[in-house]
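A short worksheet on the structure shown next.
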Number of protein chains: 2
Amino acid sequence: MARRRVTIRDVAADAGVSVTTVSNVLNDVPGSRLTPQTQGRVRESAARLGYAPSVLAQSMRTRRSGMIGLIGDQVATTPFGGKMILGAQDVAKAHASLLLVVTSGFQREIEDAEVDQLMRRQVDGILHVSMFHREAGIPKRLVAEPIVLVNAFSTDDSVTWVVPDEVTGGRDAAQILLAAGHRRLGFINNEDDIPASRGRLEGFAQRAAGSGLAAADIAVTSADASSDGGYRAARALLGRPKPPTGLFCFNDRMAMGAYRAAAELGLRIPQDVSVVGFDDQEYVSEALHPRLTTIALPHYEMGAWGAERLFERIEALEGTGPAPVHLRLRCPVIHRDSVAPPADDA
Amino acid sequence: MARRRVTIRDVAADAGVSVTTVSNVLNDVPGSRLTPQTQGRVRESAARLGYAPSVLAQSMRTRRSGMIGLIGDQVATTPFGGKMILGAQDVAKAHASLLLVVTSGFQREIEDAEVDQLMRRQVDGILHVSMFHREAGIPKRLVAEPIVLVNAFSTDDSVTWVVPDEVTGGRDAAQILLAAGHRRLGFINNEDDIPASRGRLEGFAQRAAGSGLAAADIAVTSADASSDGGYRAARALLGRPKPPTGLFCFNDRMAMGAYRAAAELGLRIPQDVSVVGFDDQEYVSEALHPRLTTIALPHYEMGAWGAERLFERIEALEGTGPAPVHLRLRCPVIHRDSVAPPADDA
DNA sequence: ATGAAAGCGCTAACAC
DNA sequence: GTGTTAGCGCTTTCAT
């Protein structure tokens with residue numbers, strides 16, 4: 001991008017005014033009273049010359065780069081990561097900012113180096129986004145800088161973060177099944193002990209217990225969070241003497257396995273078993289047949305909310321910004337075709 | 001990120017030398033002969049003070065921002081887009097550069113505005129990446145700037161681009177089936193007339209015809225490129241009197257539908273029908289049962305290759321860069337479990 | 001109502 | 001071997 005740029009000087013010369021004036025009219029600076037004629041002349045020159053201010057030079061003076069850094073563990077590669085990026089990007093755009101995206105790949109060393117890069121480029125703030133809901137420490141150099149955690153939380157209360165509300169999600173899943181009339185529920189959880197599995201279980205168990213169901217009618221198992229894991233667990237669960245008629249799966253992929261298990265057992269969905277997934281994963285929940293009823297993760301919203309909070313802190317420049325906020329964002333229920341009332345003889 | 005930065009001046013003062021010396025040491029400038037002692041002192045001061053040069057200031061002087069712009073139609077959101085970004089990012093990193101990612105959402109107006117943003121920020125070059133293989137015009141303001149098209153081609157020969165080699169992919173798909181011994185082939189194509197559907201068909205037809213099969217034994221249909229579309233087409237195809245034993249689907253999602261059709265028809269995969277997909281879409285090709293044999297799209301590689309070419313052009317600064325190159329990148333075959341020899345009585 | 005000039009942090013001629 | 005200095009393109013006091 002070498003070609004000689006048009007600078008503010010060129011415009012000034014062309015309009016026969018000083019650079020100050022050009023700057024003042026183009027940024028319509030509050031205190032300055034320019035005659036309409038001058039303004040007109042300047043704008044006309046700028047337009048005719050195709051002048052576009054150098055953001056670099058501006059940043060240098062104003063000490064605001066108009067960029068926010070987005071550092072993710074792997075975020076760019078994952079289908080969900082993209083949504084968070086998009087949310088952040090849209091908000092950044094509204095604040096005349098751009099996103100500088102870097103990836104750390106979970107390694108602290110790389111993360112530090114990337115953070116370094118971002119700082120050297122004077123980003124105005126940092127969005128630290130995680131691929132999956134987890135706890136995250138923030139690099140020591142970043143405390144005191146504007147930063148917000150997206151899809152991750154911190155035990156350090158001074159940092160702002162947003163995560164999905166897994167508990168309510170689990171509760172909603174149970175509720176969908178209960179509302180359809182199911183009296184024997186099953187939950188196939190992820191065997192990894194992570195916030196998502198813990199939260200979804202908590203919500204599910206809470207709601208199920210609160211429904212007056214006998215403990216024997218609430219089955220919880222866990223398996224590898226994959227299609228195969230879901231298949232095996234569902235196979236076992238649905239093969240029991242009095243199998244659940246309403247099945248909640250930790251995620252859509254496990255639900256995919258459950259579909260296969262049901263088919264092999266001669267069980268139709270939703271006539272014989274109802275299934276609820278989680279994640280609303282593109283190309284799977286829609287592609288399954290029947291289309292999967294599921295709970296969506298609010299990725300776009302988390303990205304957008306995080307960016308919004310970040311700009312708040314940035315724009316409270318120098319001053320003491322707003323107090324840190326922690327948000328558990330509601331996971332929307334997506335009703336599709338995999339839930340129906342249980343068969344009468346169930 | 002307001003906090004007073006350590007500048008080169010601070011280091012110079014601390015080390016008792018001039019800023020030039022600091023600059024020379026830290027960038028180990030070729031022509032300059034510094035005593036080891038000076039070097040040591042400077043480095044020590046820099047380290048102790050935690051000095052990190054301002055990339056902004058550097059860019060201003062050197063007229064290189066160390067950033068490349070990545071503009072995508074929707075790229076950040078899609079699972080494949082992430083891979084391209086990652087490829088580009090890795091290469092950028094190797095060139096001490098960062099990616100400025102913007103999204104145009106297919107609207108020319110927005111694209112122009114975003115490009116504008118990028119230019120104003122003095123990106124060193126632009127990667128124009130498409131969500132799916134297509135033809136793309138490049139914004140008029142960008143001719144003459146370093147730019148390369150990723151996953152898109154241009155009829156304008158002066159621009160460098162890279163796309164997947166769909167034809168060879170289609171040929172490979174046919175080859176997999178043929179090699180397994182199938183003598184009745186079917187291809188469920190995407191009904192949209194796009195480079196991917198055209199190319200895959202061309203390759204498939206070519207190879208199939210070259211195998212000596214009777215035209216009657218080569219069935220080609222097309223449908224909506226979704227799970228449902230695949231289902232319907234497969235249902236029709238496999239329901240024929242002498243159905244194909246080897247089925248190639250335009251993409252993995254259609255293959256997903258074909259699995260369902262086969263199941264309903266009482267056909268086992270791969271014993272009764274072999275299936276080959278395309279795209280190697282995460283979470284679907286692996287999650288299907290049996291795991292889907294497919295042709296992968298080289299997204300990461302396209303991103304990386306494109307970035308590499310871009311840096312070539314950028315680094316051939318001012319001089320006449322290398323001639324534009326056009327590449328059709330081979331799509332790797334992923335052998336999994338959905339292909340087997342046809343049953344003897346087939 | 002407009003302009004001169006300082007300076008943001010750095011690099012690169014050019015002196016010494 | 002090392003230092004002085006002039007910008008890169010812009011914003012912002014402070015004069016006038």
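The chains in the structure tokens are called A, B, ... from first to last as shown; in each chain the residues are counted from 1, and the ligands are counted from 1 in the order shown.
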DSSP strand (DSSP E or B) selection over region 5-200 of chain A, as an MDAnalysis selection string: chainID A and resid 67:72 98:103 125:135 147:153 160:164 185:190
Hey, list the chain D side of the contact with chain A: 12 Å cut-off, only C-alpha atoms (C1' of nucleotides), answer as a compact mmCIF listing (two decimals) with all heavy atoms, in the first residue's frame.
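Done, and the output landed in iface_17.txt:
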# COMPACT_ATOMS: atom_id res chain seq x y z
P DC D 8 7.59 14.21 6.09
OP1 DC D 8 7.93 14.09 4.67
OP2 DC D 8 6.78 15.32 6.58
O5' DC D 8 6.88 12.88 6.60
C5' DC D 8 7.23 11.59 6.15
C4' DC D 8 6.47 10.61 7.01
O4' DC D 8 7.09 10.54 8.30
C3' DC D 8 5.04 11.03 7.27
O3' DC D 8 4.21 10.38 6.30
C2' DC D 8 4.75 10.52 8.68
C1' DC D 8 6.13 10.22 9.27
N1 DC D 8 6.52 11.00 10.49
C2 DC D 8 6.99 10.36 11.63
O2 DC D 8 7.04 9.12 11.63
N3 DC D 8 7.36 11.10 12.71
C4 DC D 8 7.28 12.44 12.65
N4 DC D 8 7.67 13.11 13.74
C5 DC D 8 6.83 13.11 11.49
C6 DC D 8 6.45 12.37 10.44
P DG D 9 3.31 11.26 5.35
OP1 DG D 9 2.86 10.35 4.28
OP2 DG D 9 3.98 12.53 5.02
O5' DG D 9 2.07 11.60 6.29
C5' DG D 9 1.25 10.55 6.78
C4' DG D 9 0.36 11.10 7.87
O4' DG D 9 1.18 11.55 8.97
C3' DG D 9 -0.48 12.31 7.44
O3' DG D 9 -1.82 11.98 7.72
C2' DG D 9 0.06 13.45 8.28
C1' DG D 9 0.62 12.73 9.49
N9 DG D 9 1.70 13.40 10.17
C8 DG D 9 2.69 14.17 9.62
N7 DG D 9 3.56 14.63 10.49
C5 DG D 9 3.11 14.12 11.70
C6 DG D 9 3.63 14.28 13.01
O6 DG D 9 4.63 14.91 13.36
N1 DG D 9 2.88 13.60 13.95
C2 DG D 9 1.75 12.87 13.67
N2 DG D 9 1.14 12.28 14.70
N3 DG D 9 1.25 12.70 12.46
C4 DG D 9 1.97 13.37 11.52
P DC D 10 -2.99 13.02 7.58
OP1 DC D 10 -4.18 12.25 7.20
OP2 DC D 10 -2.56 14.17 6.78
O5' DC D 10 -3.19 13.50 9.08
C5' DC D 10 -3.81 12.61 9.99
C4' DC D 10 -3.46 12.99 11.40
O4' DC D 10 -2.11 13.47 11.44
C3' DC D 10 -4.27 14.14 11.97
O3' DC D 10 -5.43 13.59 12.60
C2' DC D 10 -3.33 14.73 13.01
C1' DC D 10 -1.95 14.19 12.64
N1 DC D 10 -0.91 15.20 12.42
C2 DC D 10 -0.16 15.62 13.51
O2 DC D 10 -0.44 15.17 14.64
N3 DC D 10 0.83 16.52 13.33
C4 DC D 10 1.10 16.98 12.10
N4 DC D 10 2.11 17.86 11.96
C5 DC D 10 0.35 16.56 10.96
C6 DC D 10 -0.64 15.68 11.17
P DT D 11 -6.57 14.57 13.07
OP1 DT D 11 -7.76 13.74 13.34
OP2 DT D 11 -6.65 15.70 12.13
O5' DT D 11 -6.00 15.11 14.46
C5' DT D 11 -5.98 14.22 15.56
C4' DT D 11 -5.42 14.93 16.76
O4' DT D 11 -4.19 15.62 16.44
C3' DT D 11 -6.34 15.98 17.39
O3' DT D 11 -6.17 15.82 18.80
C2' DT D 11 -5.76 17.29 16.90
C1' DT D 11 -4.27 16.96 16.89
N1 DT D 11 -3.37 17.72 15.98
C2 DT D 11 -2.21 18.25 16.49
O2 DT D 11 -1.89 18.15 17.65
N3 DT D 11 -1.42 18.90 15.56
C4 DT D 11 -1.68 19.07 14.23
O4 DT D 11 -0.87 19.66 13.51
C5 DT D 11 -2.91 18.50 13.76
C7 DT D 11 -3.28 18.63 12.31
C6 DT D 11 -3.70 17.86 14.64
P DT D 12 -7.23 16.45 19.78
OP1 DT D 12 -7.49 15.45 20.84
OP2 DT D 12 -8.34 17.00 18.99
O5' DT D 12 -6.41 17.65 20.42
C5' DT D 12 -5.12 17.39 20.94
C4' DT D 12 -4.45 18.68 21.29
O4' DT D 12 -3.77 19.23 20.13
C3' DT D 12 -5.41 19.78 21.77
O3' DT D 12 -4.81 20.40 22.88
C2' DT D 12 -5.50 20.73 20.59
C1' DT D 12 -4.08 20.60 20.03
N1 DT D 12 -3.90 20.97 18.60
C2 DT D 12 -2.70 21.53 18.21
O2 DT D 12 -1.78 21.73 18.97
N3 DT D 12 -2.63 21.84 16.87
C4 DT D 12 -3.62 21.65 15.92
O4 DT D 12 -3.43 21.96 14.76
C5 DT D 12 -4.84 21.06 16.42
C7 DT D 12 -5.98 20.83 15.47
C6 DT D 12 -4.93 20.76 17.72
P DT D 13 -5.68 20.83 24.12
OP1 DT D 13 -4.81 20.73 25.31
OP2 DT D 13 -6.94 20.10 24.03
O5' DT D 13 -6.00 22.35 23.84
C5' DT D 13 -5.54 23.35 24.72
C4' DT D 13 -4.02 23.52 24.67
O4' DT D 13 -3.52 23.26 23.33
C3' DT D 13 -3.63 24.95 25.02
O3' DT D 13 -2.56 24.99 25.95
C2' DT D 13 -3.24 25.58 23.69
C1' DT D 13 -2.80 24.38 22.85
N1 DT D 13 -3.15 24.56 21.40
C2 DT D 13 -2.19 25.01 20.54
O2 DT D 13 -1.06 25.31 20.90
N3 DT D 13 -2.59 25.13 19.24
C4 DT D 13 -3.83 24.83 18.70
O4 DT D 13 -4.06 24.97 17.50
C5 DT D 13 -4.80 24.34 19.66
C7 DT D 13 -6.17 23.97 19.19
C6 DT D 13 -4.42 24.24 20.94
Residue contacts of Glu135 (chain B) (9 Å, only C-alpha atoms (C1' of nucleotides)) excluding same-chain residues fewer than 2 positions away, as a PyMOL selection string: chain B and resi 133+137+151-155+195
Can those selected residues be exported to a file as an mmCIF file, in the first residue's frame so that it contains N, CA and C atoms?
data_model
loop_
_atom_site.group_PDB
_atom_site.id
_atom_site.type_symbol
_atom_site.label_atom_id
_atom_site.label_comp_id
_atom_site.auth_asym_id
_atom_site.auth_seq_id
_atom_site.Cartn_x
_atom_site.Cartn_y
_atom_site.Cartn_z
ATOM 1 N N HIS B 133 -16.521 -21.296 -2.617
ATOM 2 C CA HIS B 133 -15.809 -21.154 -3.879
ATOM 3 C C HIS B 133 -16.661 -20.394 -4.907
ATOM 4 N N GLY B 137 -15.173 -10.228 -7.883
ATOM 5 C CA GLY B 137 -14.535 -9.049 -8.449
ATOM 6 C C GLY B 137 -13.814 -8.373 -7.314
ATOM 7 N N ASN B 151 -10.215 -18.747 -1.898
ATOM 8 C CA ASN B 151 -11.469 -19.451 -2.121
ATOM 9 C C ASN B 151 -12.357 -18.693 -3.104
ATOM 10 N N ALA B 152 -11.725 -17.977 -3.965
ATOM 11 C CA ALA B 152 -12.436 -17.259 -5.009
ATOM 12 C C ALA B 152 -11.459 -17.017 -6.149
ATOM 13 N N PHE B 153 -12.009 -16.873 -7.342
ATOM 14 C CA PHE B 153 -11.134 -16.604 -8.477
ATOM 15 C C PHE B 153 -11.643 -15.384 -9.202
ATOM 16 N N SER B 154 -10.818 -14.892 -10.083
ATOM 17 C CA SER B 154 -11.205 -13.712 -10.838
ATOM 18 C C SER B 154 -10.880 -13.935 -12.299
ATOM 19 N N THR B 155 -11.676 -13.340 -13.138
ATOM 20 C CA THR B 155 -11.370 -13.463 -14.553
ATOM 21 C C THR B 155 -10.266 -12.480 -14.917
ATOM 22 N N PRO B 195 -19.390 -23.061 -8.982
ATOM 23 C CA PRO B 195 -18.142 -23.730 -9.366
ATOM 24 C C PRO B 195 -17.966 -25.101 -8.718
#
Give me, as CSV, each residue of chain A that comes within 7 Å of chain B, together with its shortest interatomic pair and the distance in Å at one decimal, counting only C-alpha atoms, with rows ordered by chain and rising residue number.
residue,atom,partner,partner_atom,distance
A:Met1,CA,B:Asp124,CA,5.6
A:Ala52,CA,B:Arg120,CA,6.4
A:Pro53,CA,B:Arg120,CA,6.6
A:Ser54,CA,B:Arg120,CA,5.4
A:Val55,CA,B:Arg121,CA,5.2
A:Leu56,CA,B:Arg121,CA,6.1
A:Ala57,CA,B:Met60,CA,7.0
A:Met60,CA,B:Leu56,CA,6.7
A:Ala76,CA,B:Gly82,CA,4.8
A:Thr77,CA,B:Gly82,CA,4.1
A:Thr78,CA,B:Pro79,CA,6.0
A:Pro79,CA,B:Pro79,CA,4.5
A:Gly82,CA,B:Thr77,CA,4.1
A:Lys83,CA,B:Thr77,CA,5.3
A:Ile85,CA,B:Ala76,CA,6.9
A:Leu86,CA,B:Thr77,CA,6.7
A:Leu99,CA,B:Leu100,CA,6.2
A:Leu100,CA,B:Leu100,CA,5.1
A:Val101,CA,B:Leu99,CA,6.3
A:Arg120,CA,B:Ser54,CA,5.3
A:Arg121,CA,B:Val55,CA,5.2
A:Gln122,CA,B:Met1,CA,6.9
A:Asp124,CA,B:Met1,CA,5.6
A:Gly125,CA,B:Met1,CA,6.6
A:Glu145,CA,B:Met1,CA,5.6
A:Pro146,CA,B:Met1,CA,6.8
A:Ser227,CA,B:Ala287,CA,5.3
A:Ala287,CA,B:Ser227,CA,5.3
Next, write the just-selected residues to a file, as a short mmCIF file (atom, residue, chain, number, x, y, z; two decimals), in the first residue's frame, keeping C-alpha atoms as the atom set.
data_model
loop_
_atom_site.label_atom_id
_atom_site.label_comp_id
_atom_site.auth_asym_id
_atom_site.auth_seq_id
_atom_site.Cartn_x
_atom_site.Cartn_y
_atom_site.Cartn_z
CA MET A 1 0.00 0.00 0.00
CA ALA A 52 -8.68 9.88 4.11
CA PRO A 53 -6.92 10.65 7.37
CA SER A 54 -4.23 8.25 8.45
CA VAL A 55 -5.57 6.40 11.44
CA LEU A 56 -1.99 5.67 12.43
CA ALA A 57 -1.10 9.30 12.76
CA MET A 60 -0.33 8.51 17.68
CA ALA A 76 -11.27 -18.59 15.18
CA THR A 77 -11.40 -22.24 14.24
CA THR A 78 -14.49 -23.29 16.03
CA PRO A 79 -18.00 -22.85 14.72
CA GLY A 82 -16.98 -17.28 14.90
CA LYS A 83 -20.25 -16.17 16.41
CA ILE A 85 -16.16 -12.79 17.03
CA LEU A 86 -19.03 -11.56 14.97
CA LEU A 99 -10.76 -6.17 15.89
CA LEU A 100 -7.23 -7.46 16.04
CA VAL A 101 -7.66 -11.21 16.37
CA ARG A 120 2.63 -2.96 21.56
CA ARG A 121 0.04 -2.06 19.02
CA GLN A 122 -1.74 0.00 21.58
CA ASP A 124 -7.59 0.18 23.46
CA GLY A 125 -8.74 -2.90 25.29
CA GLU A 145 -5.98 -2.73 31.55
CA PRO A 146 -9.47 -2.66 30.08
CA SER A 227 -21.76 -38.83 18.98
CA ALA A 287 -29.90 -31.61 9.83
#
Where does chain C meet chain B within 7 Å, residue by residue, with the nearest atom pair and distance in Å to one decimal for each, counting only C-alpha atoms (C1' of nucleotides), listed by chain and rising number, as CSV?
residue,atom,partner,partner_atom,distance
C:DG9,C1',B:Ala57,CA,5.0
C:DC10,C1',B:Ala57,CA,4.9
C:DT11,C1',B:Arg61,CA,6.1
For the residues selected in the previous step, produce a file with N, CA, C and O atoms (P, O5', C5', C4', C3', O3' and C1' of nucleotides) as a PDB file, in the first residue's frame.
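New file part28.pdb:
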ATOM      1  P    DG C   9       4.890   9.137  23.681  1.00  0.00           P
ATOM      2  O5'  DG C   9       5.751   8.198  22.726  1.00  0.00           O
ATOM      3  C5'  DG C   9       5.142   7.086  22.116  1.00  0.00           C
ATOM      4  C4'  DG C   9       6.060   6.595  21.029  1.00  0.00           C
ATOM      5  C3'  DG C   9       7.481   6.286  21.493  1.00  0.00           C
ATOM      6  O3'  DG C   9       7.736   4.931  21.199  1.00  0.00           O
ATOM      7  C1'  DG C   9       7.497   7.583  19.526  1.00  0.00           C
ATOM      8  P    DC C  10       9.164   4.285  21.264  1.00  0.00           P
ATOM      9  O5'  DC C  10       9.678   4.470  19.769  1.00  0.00           O
ATOM     10  C5'  DC C  10       9.120   3.640  18.770  1.00  0.00           C
ATOM     11  C4'  DC C  10       9.469   4.174  17.413  1.00  0.00           C
ATOM     12  C3'  DC C  10      10.893   3.898  16.951  1.00  0.00           C
ATOM     13  O3'  DC C  10      10.883   2.677  16.207  1.00  0.00           O
ATOM     14  C1'  DC C  10      10.117   6.095  16.346  1.00  0.00           C
ATOM     15  P    DT C  11      12.326   2.104  15.761  1.00  0.00           P
ATOM     16  O5'  DT C  11      12.638   2.978  14.470  1.00  0.00           O
ATOM     17  C5'  DT C  11      11.862   2.751  13.294  1.00  0.00           C
ATOM     18  C4'  DT C  11      12.407   3.578  12.166  1.00  0.00           C
ATOM     19  C3'  DT C  11      13.784   3.163  11.657  1.00  0.00           C
ATOM     20  O3'  DT C  11      13.715   3.296  10.242  1.00  0.00           O
ATOM     21  C1'  DT C  11      13.839   5.431  12.273  1.00  0.00           C
TER      22       DT C  11
END
Those in region 21-224 of chain B with alpha helix (DSSP H) from DSSP, as a ChimeraX atom specification: /B:21-26,36-49,55-62,79-94,108-120,166-179,195-209
Nearby residues (only C-alpha atoms (C1' of nucleotides)) at most 9 Å from Leu26 (chain A), same-chain spacing under 3 positions excluded, as an MDAnalysis selection string: chainID A and resid 21:23 29 39 42:43 46
I'd like the contact shell of Glu308 (chain B) - 7 Å cut-off, only C-alpha atoms (C1' of nucleotides), skipping same-chain residues fewer than 4 positions apart - returned as a PDB file with all heavy atoms, in the first residue's frame.
ATOM      1  N   VAL B  91       0.648 -17.791   9.054  1.00  0.00           N
ATOM      2  CA  VAL B  91       1.641 -17.238   8.144  1.00  0.00           C
ATOM      3  C   VAL B  91       1.967 -15.785   8.523  1.00  0.00           C
ATOM      4  O   VAL B  91       3.123 -15.370   8.538  1.00  0.00           O
ATOM      5  CB  VAL B  91       1.159 -17.307   6.686  1.00  0.00           C
ATOM      6  CG1 VAL B  91       2.062 -16.511   5.775  1.00  0.00           C
ATOM      7  CG2 VAL B  91       1.090 -18.762   6.239  1.00  0.00           C
ATOM      8  N   ALA B 304      -3.321 -20.170   4.249  1.00  0.00           N
ATOM      9  CA  ALA B 304      -1.875 -20.048   4.432  1.00  0.00           C
ATOM     10  C   ALA B 304      -1.186 -19.697   3.115  1.00  0.00           C
ATOM     11  O   ALA B 304      -0.349 -18.793   3.055  1.00  0.00           O
ATOM     12  CB  ALA B 304      -1.311 -21.349   4.992  1.00  0.00           C
ATOM     13  N   GLU B 312       4.775 -12.174  -0.204  1.00  0.00           N
ATOM     14  CA  GLU B 312       5.733 -12.090  -1.309  1.00  0.00           C
ATOM     15  C   GLU B 312       5.591 -10.757  -2.027  1.00  0.00           C
ATOM     16  O   GLU B 312       6.559 -10.070  -2.294  1.00  0.00           O
ATOM     17  CB  GLU B 312       5.457 -13.202  -2.318  1.00  0.00           C
ATOM     18  CG  GLU B 312       6.254 -14.452  -2.097  1.00  0.00           C
ATOM     19  CD  GLU B 312       5.811 -15.520  -3.085  1.00  0.00           C
ATOM     20  OE1 GLU B 312       5.314 -15.160  -4.188  1.00  0.00           O
ATOM     21  OE2 GLU B 312       5.949 -16.690  -2.743  1.00  0.00           O
TER      22      GLU B 312
END
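With CA of Ala236 (chain A) on one side and CA of Ser222 (chain A) on the other, the separation reads 11.0 Å.
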Residues near Thr168 (chain A), cut-off 9 Å, only C-alpha atoms (C1' of nucleotides), skip fewer than 5 positions along chain, as a PDB file with C-alpha atoms, in the first residue's frame:
ATOM      1  CA  ALA A 173     -34.452 -28.718  29.174  1.00  0.00           C
ATOM      2  CA  GLY A 199     -24.421 -26.434  35.573  1.00  0.00           C
ATOM      3  CA  ARG A 200     -26.684 -28.310  33.212  1.00  0.00           C
ATOM      4  CA  GLU A 202     -27.716 -28.877  38.510  1.00  0.00           C
ATOM      5  CA  GLY A 203     -30.536 -27.208  36.633  1.00  0.00           C
ATOM      6  CA  PHE A 204     -31.907 -30.445  35.283  1.00  0.00           C
ATOM      7  CA  ARG A 330     -29.865 -16.910  29.314  1.00  0.00           C
ATOM      8  CA  CYS A 331     -29.689 -19.739  26.762  1.00  0.00           C
TER       9      CYS A 331
END
